[in-house]
Amino acid sequence: MTDLVNRHRAVLPNWMGLYYEHPLQFVSGSGSRVTDASGRSYLDFFCGILTNMLGYDLPEVRDAVQRQLSTGIVHTSTLYLIRSQVELAEKLARLSGIKDAKVFFTNSGTEANETALMLATTARRSNQVLAMRGSYHGRSFGAVAITGNVGWKSSQLAPFSVQYLHGTDRYLPAFAGLSDAQYIEACTADLKHLLTAATARDVAGLIAEPIQGVGGFTMAPDGLLGAYRDLLAEHGALFISDEVQTAWGRTGEHFWGIGAHGVTPDMITFAKGLGNGFAIGGVIARGDLMDSLPANGISTFGGNPLSTTAANAALDYVLDHDLQRNAATLGTMIIDGLREATAPLAAVGEVRGKGLMFAVDLVDPGTGAPSPALASRALEEARERGLLIGKGGLQGHALRMAPPMNITEADAKEGMDLLIDALRAVDAEAAK
Ligand SMILES: Cc1ncc(COP(=O)(O)O)c(C=O)c1O
């Protein structure tokens, strides 16, 4: 494995990090588990960054893809009709709640957000974009420009004029001790001030993640993004919900993460889980908005027969098996269990999340300050126990977990117990 690590480091970018002191290579997977090159099996609570949302080797997805492969058609281009693409777009348009919705398919979340930004800035004839502090929206020039997380901001150059809003930063002294309602009031007052005092009058729109993924599953209090949307609508500005991590019922309470804020956005961007590993992303927008671009556009691979076939099978599976309910039930079980078990641990700060999307902050037991070092330790301790988890947060001190949405109760319980055990070990070590 050391050889492969060295070869990886020699030819792949150094800003594309690998997890673990001894990085892992997975060679097979089934259900909620993967097996590495040494034959060791792991329960996967991170799922390729929320992308294997139905775990590994689900027969319904595998069979659909194999049927498509056996036709000999992997790609045709969007110059021709693709039945699976039309069917998927029909389902997504219906599920979005957006009036007269249309869908454009891409290969990634980054491209989905690029498309949404193109639509918003073109419709509004403006390059003024609002985004949230702590956000992550992708790796391209435009997506980095609206990313409000220093660890992922590889360039300050930008095609937009960007202002960052409050909403996921209530730990700042200015917001200390505020209730949800007071914090929402303070944030919306700030946006009102921004719109009337600091920006030109033609703000294109706001893009926001209902739960910040890379940001460590931090989230605005329920209702804030809705209040932002209503305020922006008064100014003609559009609201884009980046659902790359929060879609498909993962948060348990709603099908889209934005449901917690009581509004329907003008656009939804999606990617990651929909294809259960097959590359697919896209934008759902009001038809008039989608149709408003003045020139031709295609994504060569976007919405190809293979990825849309996988996505149809995965989406049907989520809906037919009411996995939103599974996310709600098992997510609540795990989050409650983690809160209870970690309450006595000085090295554990906040436990937060919704459904099968939850995080645990690691803090210095003496000062309570964010501890990226303890988070890295916890990642290793979990791996040693056979559990894969992720990391994130502005300071890199949040453990991020997002098990498959079809996880069984037994696997959910096993993963929770392994995580608690790992956290206890980190806490004991930190106390020494
Ligand atoms: C909320 C969000 N938006 C956009 C992206 C970019 O997606 P991709 O990596 O598929 O380009 C990500 C990826 O992590 C994300 O979490």
# chains A, B, ... in the order shown; residues from 1 in each chain; ligands from 1
>>> closest_atom_pairs(of="chain A", to="ligand 1", cutoff="6 Å", atoms="only C-alpha atoms and all ligand atoms", output="JSON lines")
{"residue": "A:Ser108", "atom": "CA", "partner": "ligand 1", "partner_atom_place_in_ligand_line": "10 (O)", "distance": 3.7}
{"residue": "A:Gly109", "atom": "CA", "partner": "ligand 1", "partner_atom_place_in_ligand_line": "7 (O)", "distance": 3.3}
{"residue": "A:Thr110", "atom": "CA", "partner": "ligand 1", "partner_atom_place_in_ligand_line": "11 (O)", "distance": 3.5}
{"residue": "A:Tyr136", "atom": "CA", "partner": "ligand 1", "partner_atom_place_in_ligand_line": "2 (C)", "distance": 5.6}
{"residue": "A:His137", "atom": "CA", "partner": "ligand 1", "partner_atom_place_in_ligand_line": "3 (N)", "distance": 3.8}
{"residue": "A:Gly138", "atom": "CA", "partner": "ligand 1", "partner_atom_place_in_ligand_line": "6 (C)", "distance": 3.7}
{"residue": "A:Glu209", "atom": "CA", "partner": "ligand 1", "partner_atom_place_in_ligand_line": "1 (C)", "distance": 5.8}
{"residue": "A:Gly213", "atom": "CA", "partner": "ligand 1", "partner_atom_place_in_ligand_line": "16 (O)", "distance": 5.0}
{"residue": "A:Val214", "atom": "CA", "partner": "ligand 1", "partner_atom_place_in_ligand_line": "16 (O)", "distance": 5.8}
{"residue": "A:Asp242", "atom": "CA", "partner": "ligand 1", "partner_atom_place_in_ligand_line": "1 (C)", "distance": 5.6}
{"residue": "A:Val244", "atom": "CA", "partner": "ligand 1", "partner_atom_place_in_ligand_line": "1 (C)", "distance": 4.8}
{"residue": "A:Gln245", "atom": "CA", "partner": "ligand 1", "partner_atom_place_in_ligand_line": "1 (C)", "distance": 5.4}
{"residue": "A:Ala271", "atom": "CA", "partner": "ligand 1", "partner_atom_place_in_ligand_line": "10 (O)", "distance": 5.9}
{"residue": "A:Lys272", "atom": "CA", "partner": "ligand 1", "partner_atom_place_in_ligand_line": "10 (O)", "distance": 6.0}
>>> write_last_selection(atoms="N, CA and C atoms", output="PDB file, in the first residue's frame")
ATOM      1  N   SER A 108     -21.604  16.864 -12.096  1.00  0.00           N
ATOM      2  CA  SER A 108     -21.125  17.119 -10.736  1.00  0.00           C
ATOM      3  C   SER A 108     -21.902  18.251 -10.099  1.00  0.00           C
ATOM      4  N   GLY A 109     -21.690  18.393  -8.790  1.00  0.00           N
ATOM      5  CA  GLY A 109     -22.318  19.485  -8.060  1.00  0.00           C
ATOM      6  C   GLY A 109     -21.742  20.831  -8.468  1.00  0.00           C
ATOM      7  N   THR A 110     -20.446  20.842  -8.724  1.00  0.00           N
ATOM      8  CA  THR A 110     -19.796  22.078  -9.161  1.00  0.00           C
ATOM      9  C   THR A 110     -20.467  22.618 -10.421  1.00  0.00           C
ATOM     10  N   TYR A 136     -19.550  25.750   1.086  1.00  0.00           N
ATOM     11  CA  TYR A 136     -18.728  25.110   0.035  1.00  0.00           C
ATOM     12  C   TYR A 136     -19.648  24.769  -1.126  1.00  0.00           C
ATOM     13  N   HIS A 137     -19.267  25.216  -2.335  1.00  0.00           N
ATOM     14  CA  HIS A 137     -20.132  24.968  -3.486  1.00  0.00           C
ATOM     15  C   HIS A 137     -19.419  24.319  -4.659  1.00  0.00           C
ATOM     16  N   GLY A 138     -18.141  23.923  -4.483  1.00  0.00           N
ATOM     17  CA  GLY A 138     -17.469  23.230  -5.576  1.00  0.00           C
ATOM     18  C   GLY A 138     -16.093  23.788  -5.848  1.00  0.00           C
ATOM     19  N   GLU A 209     -26.539  26.356   1.263  1.00  0.00           N
ATOM     20  CA  GLU A 209     -26.763  24.944   1.594  1.00  0.00           C
ATOM     21  C   GLU A 209     -27.677  24.898   2.823  1.00  0.00           C
ATOM     22  N   GLY A 213     -22.276  21.154   4.174  1.00  0.00           N
ATOM     23  CA  GLY A 213     -21.612  19.855   4.173  1.00  0.00           C
ATOM     24  C   GLY A 213     -20.172  19.948   4.627  1.00  0.00           C
ATOM     25  N   VAL A 214     -19.343  20.478   3.736  1.00  0.00           N
ATOM     26  CA  VAL A 214     -17.926  20.640   4.054  1.00  0.00           C
ATOM     27  C   VAL A 214     -17.765  21.489   5.322  1.00  0.00           C
ATOM     28  N   ASP A 242     -28.627  24.843  -2.589  1.00  0.00           N
ATOM     29  CA  ASP A 242     -27.629  23.833  -2.967  1.00  0.00           C
ATOM     30  C   ASP A 242     -27.905  22.584  -2.144  1.00  0.00           C
ATOM     31  N   VAL A 244     -26.826  19.535  -2.780  1.00  0.00           N
ATOM     32  CA  VAL A 244     -25.892  18.470  -3.170  1.00  0.00           C
ATOM     33  C   VAL A 244     -25.739  17.441  -2.036  1.00  0.00           C
ATOM     34  N   GLN A 245     -25.793  17.895  -0.783  1.00  0.00           N
ATOM     35  CA  GLN A 245     -25.668  16.940   0.329  1.00  0.00           C
ATOM     36  C   GLN A 245     -26.995  16.654   1.034  1.00  0.00           C
ATOM     37  N   ALA A 271     -26.546  16.680  -6.779  1.00  0.00           N
ATOM     38  CA  ALA A 271     -25.489  15.811  -7.339  1.00  0.00           C
ATOM     39  C   ALA A 271     -25.317  14.626  -6.383  1.00  0.00           C
ATOM     40  N   LYS A 272     -24.095  14.297  -6.067  1.00  0.00           N
ATOM     41  CA  LYS A 272     -23.707  13.241  -5.121  1.00  0.00           C
ATOM     42  C   LYS A 272     -24.605  11.999  -5.134  1.00  0.00           C
TER      43      LYS A 272
END
>>> select_by_dssp(residues="range 263-334 of chain A", states="strand (DSSP E)", output="list in words")
Met267, Ile268, Thr269, Phe270, Gly281, Gly282, Val283, Ile284, Ala285 and Arg286 of chain A
>>> write_last_selection(atoms="C-alpha atoms", output="PDB file, in the first residue's frame")
ATOM      1  CA  MET A 267     -33.619  26.780  -8.174  1.00  0.00           C
ATOM      2  CA  ILE A 268     -32.353  23.556  -6.636  1.00  0.00           C
ATOM      3  CA  THR A 269     -28.924  22.142  -7.407  1.00  0.00           C
ATOM      4  CA  PHE A 270     -28.178  18.468  -6.779  1.00  0.00           C
ATOM      5  CA  GLY A 281     -25.686  16.447 -11.004  1.00  0.00           C
ATOM      6  CA  GLY A 282     -28.034  19.113 -12.159  1.00  0.00           C
ATOM      7  CA  VAL A 283     -30.243  22.124 -11.673  1.00  0.00           C
ATOM      8  CA  ILE A 284     -34.004  22.282 -11.301  1.00  0.00           C
ATOM      9  CA  ALA A 285     -35.378  25.728 -12.088  1.00  0.00           C
ATOM     10  CA  ARG A 286     -38.568  27.474 -13.048  1.00  0.00           C
TER      11      ARG A 286
END
>>> residues_around(residues="Tyr56 in chain A", least_positions_apart="5", cutoff="6 Å", atoms="only C-alpha atoms", output="list of chain:residue names")
A:Gly29, A:Ser30, A:Gly31
>>> residues_around(residues="Gly148 in chain A", least_positions_apart="4", cutoff="8 Å", atoms="only C-alpha atoms", output="list in words")
Ala131, Met132, Arg133, Gly134, Ser135, Tyr136, Lys153 and Tyr164 of chain A
>>> write_last_selection(atoms="C-alpha atoms", output="PDB file, in the first residue's frame")
ATOM      1  CA  ALA A 131     -23.487  33.318  -0.308  1.00  0.00           C
ATOM      2  CA  MET A 132     -23.178  32.079   3.261  1.00  0.00           C
ATOM      3  CA  ARG A 133     -20.133  32.205   5.472  1.00  0.00           C
ATOM      4  CA  GLY A 134     -18.716  28.720   5.894  1.00  0.00           C
ATOM      5  CA  SER A 135     -20.203  27.498   2.606  1.00  0.00           C
ATOM      6  CA  TYR A 136     -18.728  25.110   0.035  1.00  0.00           C
ATOM      7  CA  LYS A 153     -10.886  28.835  -1.184  1.00  0.00           C
ATOM      8  CA  TYR A 164     -21.267  36.605   2.589  1.00  0.00           C
TER       9      TYR A 164
END
>>> closest_residue(among="A:Ser28, A:Asn107, A:Thr251, A:Gln156", to="Ala328 in chain A", atoms="only C-alpha atoms")
A:Thr251
>>> closest_atom_pairs(of="range 192-241 of chain A", to="range 144-147 of chain A", cutoff="10 Å", atoms="only C-alpha atoms", output="Markdown table")
| residue | atom | partner | partner_atom | distance |
| --- | --- | --- | --- | --- |
| A:Leu206 | CA | A:Ile146 | CA | 9.7 |
| A:Ile207 | CA | A:Ile146 | CA | 8.1 |
| A:Ala208 | CA | A:Ile146 | CA | 9.7 |
>>> atom_distance(atom1="CA of Val129 in chain A", atom2="CA of Cys187 in chain A")
17.0 Å
>>> residues_around(residues="Lys413 in chain A", least_positions_apart="6", cutoff="12 Å", atoms="only C-alpha atoms", output="count of residues only")
17
>>> residues_around(residues="Ala64 in chain A", least_positions_apart="6", cutoff="9 Å", atoms="only C-alpha atoms", output="list of chain:residue names")
A:Leu306, A:Thr309, A:Ala310, A:Asn312, A:Ala313
>>> atom_distance(atom1="CA of Pro265 in chain A", atom2="CA of Ser140 in chain A")
23.2 Å
